[in-house]
$ cat my_file_11.cif   # mmCIF, C-alpha atoms
data_query
#
loop_
_atom_site.label_atom_id
_atom_site.label_comp_id
_atom_site.auth_asym_id
_atom_site.auth_seq_id
_atom_site.Cartn_x
_atom_site.Cartn_y
_atom_site.Cartn_z
CA GLY Q 1 0.00 0.00 0.00
CA ALA Q 2 0.99 3.60 -0.44
CA LEU Q 3 1.95 6.04 2.31
CA THR Q 4 -0.25 9.10 1.77
CA ALA Q 5 2.06 11.46 3.64
CA ALA Q 6 4.98 10.57 1.36
CA GLU Q 7 3.29 12.48 -1.47
CA HIS Q 8 3.75 15.70 0.50
CA VAL Q 9 6.72 15.20 2.83
CA GLY Q 10 10.23 15.00 1.42
CA ALA Q 11 12.57 12.12 2.25
CA HIS Q 12 14.82 14.45 4.25
CA HIS Q 13 12.06 15.02 6.81
CA GLU Q 14 11.75 12.76 9.80
CA PRO Q 15 8.23 11.38 10.19
CA ALA Q 16 7.83 13.25 13.47
CA VAL Q 17 4.14 12.65 14.00
CA GLY Q 18 3.61 9.35 15.81
CA LEU Q 19 7.25 8.64 16.68
CA ASP Q 20 6.48 8.93 20.39
CA GLY Q 21 5.10 5.42 20.50
CA GLY Q 22 2.16 5.28 18.14
CA PRO Q 23 -1.57 5.49 18.82
CA ARG Q 24 -2.78 5.53 22.41
CA PRO Q 25 -5.53 3.48 24.03
CA ALA Q 26 -8.79 5.43 24.26
CA ARG Q 27 -8.27 6.21 27.97
CA ALA Q 28 -4.86 7.74 27.14
CA LEU Q 29 -6.31 10.44 24.90
CA PRO Q 30 -6.50 13.94 26.42
CA PRO Q 31 -10.06 14.24 27.81
CA PRO Q 32 -11.84 17.35 26.42
CA GLY Q 33 -12.46 19.88 29.17
CA ARG Q 34 -10.12 18.14 31.64
CA HIS Q 35 -6.62 19.10 32.74
CA VAL Q 36 -3.83 16.91 31.34
CA SER Q 37 -0.11 17.24 32.06
CA GLY Q 38 2.92 16.61 29.88
CA HIS Q 39 6.59 16.67 30.84
CA ALA Q 40 9.22 18.14 28.48
CA ALA Q 41 6.49 20.37 27.06
CA ALA Q 42 9.00 22.40 25.05
CA GLY Q 43 10.49 19.34 23.35
CA GLY Q 44 9.54 18.00 19.94
CA VAL Q 45 6.75 15.69 21.09
CA GLY Q 46 5.73 18.09 23.85
CA LEU Q 47 5.12 20.96 21.45
CA LEU Q 48 2.97 18.74 19.25
CA ALA Q 49 1.05 17.36 22.23
CA GLY Q 50 0.23 20.87 23.45
CA GLN Q 51 -1.27 21.86 20.11
CA TRP Q 52 -3.11 18.57 19.72
CA GLY Q 53 -4.61 18.55 23.23
CA ASN Q 54 -5.63 22.18 22.95
CA ALA Q 55 -7.28 21.53 19.58
CA ILE Q 56 -9.55 18.83 21.03
CA GLY Q 57 -10.47 20.87 24.08
CA ALA Q 58 -8.18 19.55 26.82
CA GLN Q 59 -6.70 22.00 29.32
CA MET Q 60 -3.01 21.29 28.79
CA ILE Q 61 -0.53 21.73 31.64
CA GLY Q 62 3.09 21.69 30.49
CA VAL Q 63 6.14 21.00 32.65
CA VAL Q 64 9.49 22.44 31.55
CA SER Q 65 12.85 23.52 32.96
CA GLY Q 66 13.67 27.18 32.33
CA ALA Q 67 11.88 30.46 31.59
CA ASP Q 68 12.68 30.35 27.87
CA LYS Q 69 10.93 27.00 27.58
CA VAL Q 70 7.88 28.35 29.42
CA LYS Q 71 7.36 30.92 26.68
CA LEU Q 72 7.77 28.36 23.90
CA ALA Q 73 5.31 25.93 25.47
CA MET Q 74 2.74 28.70 26.02
CA GLU Q 75 2.94 29.50 22.32
CA ASN Q 76 2.07 25.90 21.46
CA GLY Q 77 -1.24 25.20 23.12
CA TYR Q 78 -0.52 24.90 26.85
CA ALA Q 79 -2.97 26.69 29.13
CA VAL Q 80 -0.51 26.61 32.05
CA VAL Q 81 3.22 25.90 32.09
CA ILE Q 82 5.11 24.89 35.25
CA ASP Q 83 8.83 25.61 35.51
CA ARG Q 84 10.05 22.68 37.61
CA THR Q 85 13.30 24.51 38.43
CA ARG Q 86 11.30 27.12 40.35
CA GLU Q 87 8.10 25.38 41.43
CA LYS Q 88 7.01 22.08 42.93
CA VAL Q 89 5.08 20.35 40.19
CA VAL Q 90 2.73 18.38 42.44
CA ASP Q 91 1.81 21.47 44.49
CA ARG Q 92 1.05 23.48 41.35
CA VAL Q 93 -1.05 20.69 39.85
CA LYS Q 94 -3.08 20.47 43.06
CA ALA Q 95 -3.64 24.24 43.00
CA ILE Q 96 -4.56 24.36 39.31
CA THR Q 97 -7.05 21.49 39.60
CA ASN Q 98 -8.44 22.49 43.01
CA GLY Q 99 -7.16 19.22 44.41
CA ALA Q 100 -8.80 17.02 41.78
CA LEU Q 101 -5.46 16.09 40.19
CA LEU Q 102 -5.11 14.66 36.66
CA PRO Q 103 -6.66 11.80 34.68
CA VAL Q 104 -3.60 11.43 32.42
CA VAL Q 105 0.09 12.42 32.61
CA TYR Q 106 2.45 12.01 29.64
CA ASP Q 107 5.99 11.48 30.90
CA SER Q 108 9.01 11.28 28.59
CA VAL Q 109 11.55 12.14 31.30
CA GLY Q 110 11.53 8.86 33.23
CA LYS Q 111 13.59 8.29 36.35
CA SER Q 112 13.63 11.78 37.87
CA THR Q 113 9.92 12.50 37.41
CA TRP Q 114 8.34 9.09 38.02
CA GLU Q 115 7.30 9.50 41.67
CA GLY Q 116 6.03 13.05 41.14
CA THR Q 117 4.06 11.90 38.11
CA LEU Q 118 2.23 9.29 40.20
CA ASP Q 119 1.43 11.95 42.82
CA CYS Q 120 -0.18 14.14 40.14
CA LEU Q 121 -2.76 11.50 39.16
CA SER Q 122 -6.33 11.27 40.34
CA PRO Q 123 -7.75 7.85 41.32
CA ARG Q 124 -7.71 5.45 38.34
CA GLY Q 125 -5.47 7.88 36.48
CA LEU Q 126 -3.04 6.85 33.77
CA VAL Q 127 0.70 7.41 33.25
CA VAL Q 128 1.78 7.28 29.61
CA SER Q 129 5.55 6.72 29.94
CA PHE Q 130 7.27 7.11 26.58
CA GLY Q 131 10.83 8.22 27.24
CA ASN Q 132 13.89 8.02 29.50
CA ALA Q 133 15.50 11.46 29.20
CA SER Q 134 16.75 11.27 32.82
CA GLY Q 135 17.29 7.53 32.76
CA PRO Q 136 14.96 4.53 32.92
CA VAL Q 137 12.41 4.21 35.70
CA ALA Q 138 13.69 1.92 38.46
CA PRO Q 139 11.98 -1.42 39.05
CA VAL Q 140 8.49 -0.70 40.37
CA ASN Q 141 6.62 -2.38 43.21
CA LEU Q 142 3.20 -2.65 41.58
CA GLY Q 143 1.56 -2.22 44.95
CA ILE Q 144 2.35 1.52 44.75
CA LEU Q 145 -0.23 1.82 41.97
CA SER Q 146 -2.89 0.52 44.34
CA THR Q 147 -1.75 2.72 47.21
CA LYS Q 148 -1.90 5.87 45.10
CA GLY Q 149 -5.39 5.21 43.75
CA SER Q 150 -5.65 2.15 41.50
CA LEU Q 151 -3.46 3.78 38.86
CA TYR Q 152 -2.68 2.55 35.34
CA VAL Q 153 0.62 2.65 33.46
CA THR Q 154 1.38 2.12 29.78
CA ARG Q 155 4.79 2.10 28.09
CA PRO Q 156 4.14 2.17 24.31
CA THR Q 157 6.78 1.95 21.60
CA LEU Q 158 6.53 2.65 17.91
CA ALA Q 159 7.94 -0.71 16.76
CA THR Q 160 4.95 -2.74 17.91
CA HIS Q 161 2.55 -0.37 16.16
CA ILE Q 162 4.27 -0.69 12.76
CA ALA Q 163 5.53 -4.27 13.00
CA SER Q 164 4.15 -5.13 9.56
CA ARG Q 165 3.92 -3.21 6.32
CA ALA Q 166 0.12 -3.16 6.67
CA ASP Q 167 0.42 -1.63 10.15
CA LEU Q 168 2.83 1.01 8.86
CA VAL Q 169 0.50 2.03 6.04
CA GLU Q 170 -2.52 2.15 8.34
CA ARG Q 171 -0.78 4.29 10.97
CA SER Q 172 0.83 6.59 8.41
CA ASN Q 173 -2.40 7.27 6.56
CA ALA Q 174 -4.60 7.65 9.64
CA PRO Q 175 -4.15 11.46 9.87
CA CYS Q 176 -5.10 11.85 6.22
CA ASP Q 177 -8.08 9.52 6.62
CA ALA Q 178 -9.21 11.68 9.56
CA GLY Q 179 -9.31 14.82 7.41
CA TYR Q 180 -5.76 16.09 7.87
CA ARG Q 181 -3.58 17.11 4.96
CA CYS Q 182 0.22 17.14 5.03
CA SER Q 183 2.04 20.07 3.49
CA LEU Q 184 5.64 21.21 3.34
CA LEU Q 185 6.17 24.82 4.46
CA ASP Q 186 9.93 24.83 4.18
CA ARG Q 187 12.89 22.55 4.69
CA ASN Q 188 12.44 22.28 8.44
CA GLN Q 189 8.71 22.43 8.99
CA VAL Q 190 5.89 20.09 8.14
CA VAL Q 191 2.31 21.07 8.84
CA LEU Q 192 -0.72 18.87 9.32
CA SER Q 193 -3.71 21.07 8.61
CA ALA Q 194 -7.22 20.04 9.49
CA SER Q 195 -10.27 21.20 7.61
CA GLY Q 196 -12.33 20.92 10.80
CA PRO Q 197 -12.13 22.91 14.06
CA GLY Q 198 -8.77 21.38 14.99
CA GLY Q 199 -6.84 23.95 12.96
CA MET Q 200 -3.17 23.25 12.30
CA LEU Q 201 -0.42 21.31 14.01
CA LYS Q 202 3.04 22.71 13.33
CA VAL Q 203 5.76 20.07 13.47
CA GLU Q 204 9.39 21.12 13.72
CA SER Q 205 11.09 18.16 12.10
CA GLY Q 206 14.68 19.37 11.95
CA GLY Q 207 15.14 17.77 8.53
CA LYS Q 208 17.79 15.31 9.74
CA ALA Q 209 16.25 11.86 9.46
CA GLN Q 210 15.03 10.05 6.38
CA VAL Q 211 11.76 8.26 5.85
CA ALA Q 212 12.35 4.56 6.42
CA TYR Q 213 9.81 3.27 3.92
CA LYS Q 214 8.85 4.44 0.45
CA ASP Q 215 7.33 2.89 -2.64
#

$ encode --input "my_file_11.cif" --output "structure tokens"
Amino acid sequence: GALTAAEHVGAHHEPAVGLDGGPRPARALPPPGRHVSGHAAAGGVGLLAGQWGNAIGAQMIGVVSGADKVKLAMENGYAVVIDRTREKVVDRVKAITNGALLPVVYDSVGKSTWEGTLDCLSPRGLVVSFGNASGPVAPVNLGILSTKGSLYVTRPTLATHIASRADLVERSNAPCDAGYRCSLLDRNQVVLSASGPGGMLKVESGGKAQVAYKD
């Protein structure tokens, strides 16, 4: 099968959308109208997540390190941005949500944020762990998930979502099938534009990687 995006995105662009582990389970999607938190909000995936969550009505809370990153995250869909070098993330989340905490936290940092991430979740909340920027999470006593409110954890990876050619084609074409169109603005920026209320997602690709599959 053909990859729809390949008609619009040059081979020097990395396929940035979806490289954070592929599609999420339904409960991992940002709930419209609810607060959702994401670590590394000024990173590549974080910037995309802020725009995406905002477009579907979630109240996005970004976590970054440094004032310059606060500004960047705020420009990309986050309603609130927490600078973890100056503030205690858990305390701010409690204040922002009036103590209700969060249904979902996306954590690409790993080791250094794991415990705080669990403390930010409401009962039956979900951690989507998709990176190890500070190192891998240490072995976990699963009982802690019960103690902190019957929590859920998922650790997705892209490879299992595109294990076959058919899977790759399906995942790659899903944005186009949902009404998105891929267009090339310049050498370093790919845009997915939606004809519906979602608007546009700007993806800074860097132009360094090559597309792994092509017809």

$ atom_distance --input "my_file_11.cif" --atom1 "atom CA of Pro103 of chain Q" --atom2 "atom CA of Ala163 of chain Q"
29.6 Å

$ residues_around --input "my_file_11.cif" --residues "Trp114 of chain Q" --least-positions-apart "6" --cutoff "10 Å" --atoms "all atoms listed in the file" --output "list in words"
Asp107, Ser108, Val127, Ser129, Pro136, Val137 and Ala138 of chain Q

$ resolve_selection --input "my_file_11.cif" --expression "the PyMOL selection byres ((chain Q and resi 147-152) around 8)" --output "PyMOL selection string"
chain Q and resi 118-119+121-127+143-146+153-154

$ atom_distance --input "my_file_11.cif" --atom1 "atom CA of Ser112 of chain Q" --atom2 "atom CA of Gln59 of chain Q"
24.3 Å

$ atom_distance --input "my_file_11.cif" --atom1 "atom CA of Leu142 of chain Q" --atom2 "atom CA of Val90 of chain Q"
21.1 Å

$ residues_around --input "my_file_11.cif" --residues "Asn54 of chain Q" --least-positions-apart "6" --cutoff "8 Å" --atoms "only C-alpha atoms" --output "list in words"
Met60, Gly77 and Tyr78 of chain Q

$ closest_residue --input "my_file_11.cif" --among "Q:Leu102, Q:Leu47, Q:Ile61, Q:Val89" --to "Asn76 of chain Q" --atoms "all atoms listed in the file"
Q:Leu47

$ resolve_selection --input "my_file_11.cif" --expression "the PyMOL selection byres ((chain Q and resi 32-34) around 7)" --output "VMD selection string"
chain Q and resid 30 to 31 35 to 36 56 to 59

$ resolve_selection --input "my_file_11.cif" --expression "the PyMOL selection byres ((chain Q and resi 64) around 7)" --output "ChimeraX atom specification"
/Q:39-42,62-63,65-66,69-70,82-84

$ closest_residue --input "my_file_11.cif" --among "Q:Ser164, Q:Val80, Q:Ser134, Q:Pro139" --to "Thr97 of chain Q" --atoms "all atoms listed in the file"
Q:Val80
